[in-house]
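Enquirer: Below is my_file07.txt; it holds compact mmCIF, C-alpha atoms.
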# COMPACT_ATOMS: atom_id res chain seq x y z
CA MET R 29 0.00 0.00 0.00
CA ARG R 30 1.40 3.39 -1.00
CA LEU R 31 0.82 6.57 0.94
CA GLN R 32 -0.96 9.31 -0.90
CA GLU R 33 0.68 12.75 -1.07
CA ASN R 34 -1.81 14.08 1.49
CA GLU R 35 -0.85 11.34 3.99
CA LYS R 36 2.67 12.69 4.45
CA SER R 37 2.99 14.15 7.93
CA CYS R 38 5.23 13.90 10.97
CA ASP R 39 2.95 11.10 12.20
CA THR R 40 3.88 8.94 9.19
CA CYS R 41 7.58 9.89 9.01
CA ALA R 42 10.40 7.48 9.88
CA HIS R 43 12.32 10.29 11.65
CA SER R 44 9.48 11.17 14.03
CA TYR R 45 9.28 10.11 17.68
CA MET R 46 7.47 11.20 20.84
CA GLU R 47 9.31 12.48 23.90
CA SER R 48 7.93 13.20 27.35
CA GLU R 49 8.48 16.73 28.61
CA GLY R 50 7.00 16.95 32.07
CA LEU R 51 3.37 15.93 31.77
CA ARG R 52 3.25 16.50 27.98
CA LEU R 53 4.31 14.44 25.02
CA ARG R 54 6.06 16.34 22.24
CA GLN R 55 6.73 15.14 18.74
CA LYS R 56 10.42 15.37 17.80
CA CYS R 57 12.51 14.69 14.69
CA ARG R 58 15.69 12.59 14.39
CA SER R 59 16.56 13.81 10.90
CA PRO R 60 20.05 15.35 10.94
CA GLU R 61 19.06 17.61 8.04
CA TYR R 62 15.99 18.92 9.91
CA ASN R 63 18.07 19.60 13.03
CA SER R 64 20.87 21.27 11.04
CA PRO R 65 21.52 25.01 11.29
CA ASP R 66 21.24 25.02 7.47
CA TYR R 67 17.49 24.32 7.76
CA THR R 68 16.18 27.86 8.15
CA SER R 69 12.92 29.11 9.62
CA GLY R 70 11.94 30.23 6.11
CA MET R 71 12.37 26.67 4.85
CA PHE R 72 10.37 25.42 7.84
CA MET R 73 7.49 27.76 7.00
CA GLU R 74 7.53 26.65 3.33
CA ASP R 75 7.41 23.02 4.43
CA ARG R 76 4.63 23.72 6.89
CA GLU R 77 2.48 25.04 4.04
CA GLN R 78 3.07 21.73 2.21
CA GLY R 79 1.96 19.69 5.24
CA CYS R 80 5.26 17.88 5.78
CA CYS R 81 8.94 18.73 5.72
CA ARG R 82 11.27 18.12 2.79
CA PHE R 83 13.07 15.41 4.76
CA TRP R 84 9.98 13.24 5.17
CA SER R 85 10.72 9.54 4.83
CA PRO R 86 8.17 6.71 4.99
CA ARG R 87 8.12 4.40 7.98
CA ASN R 88 9.03 0.82 7.19
CA THR R 89 5.69 -0.90 7.66
CA GLU R 90 6.63 -4.21 6.07
CA ARG R 91 6.70 -7.13 8.46
CA LYS R 92 9.71 -9.38 8.49
CA THR R 93 8.92 -13.08 8.42
CA SER R 94 11.32 -15.61 9.85
Could I get this structure in the form of structure tokens?

Expert:
Amino acid sequence: MRLQENEKSCDTCAHSYMESEGLRLRQKCRSPEYNSPDYTSGMFMEDREQGCCRFWSPRNTERKTS
């Protein structure tokens, strides 16, 4: 099954994870490119308009069989 363009979001990205901060959970990103100083706030705002960032990568949803 392929994701549609509109299904790209942090929730479906391989780089995304949740981290507890006090009593709240925050979504974070492991992508080195996203966390780089080269990724500007202007680029972030452009990506936000698109619904996902340019570094989005699909999660591996295939099951391994032994």

Enquirer: Go ahead and compute the interatomic distance for CA of Lys36 (chain R) and CA of Glu49 (chain R), in Å to one decimal.

Expert: 25.2 Å

Enquirer: Please provide the set of residues having any atom within 12 Å of region 51-55 of chain R, restricted to all atoms listed in the file, with same-chain residues fewer than 2 positions apart removed, written as an MDAnalysis selection string.

Expert: chainID R and resid 37:41 43:49 57:58

Enquirer: Grab the CA of Pro65 (chain R) to CA of Gly79 (chain R) distance for me, in Å with one decimal place.

Expert: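 If I compute the distance from CA of Pro65 (chain R) to CA of Gly79 (chain R), I get 21.2 Å.
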
Enquirer: Identify, on the basis of all atoms listed in the file, every residue whose closest approach to Tyr62 (chain R) does not exceed 10 Å; exclude the query and any residue fewer than 2 positions from it along the same chain; express the result as number ranges by chain.

Expert: R: 43, 57-60, 64-68, 71-72, 81-84
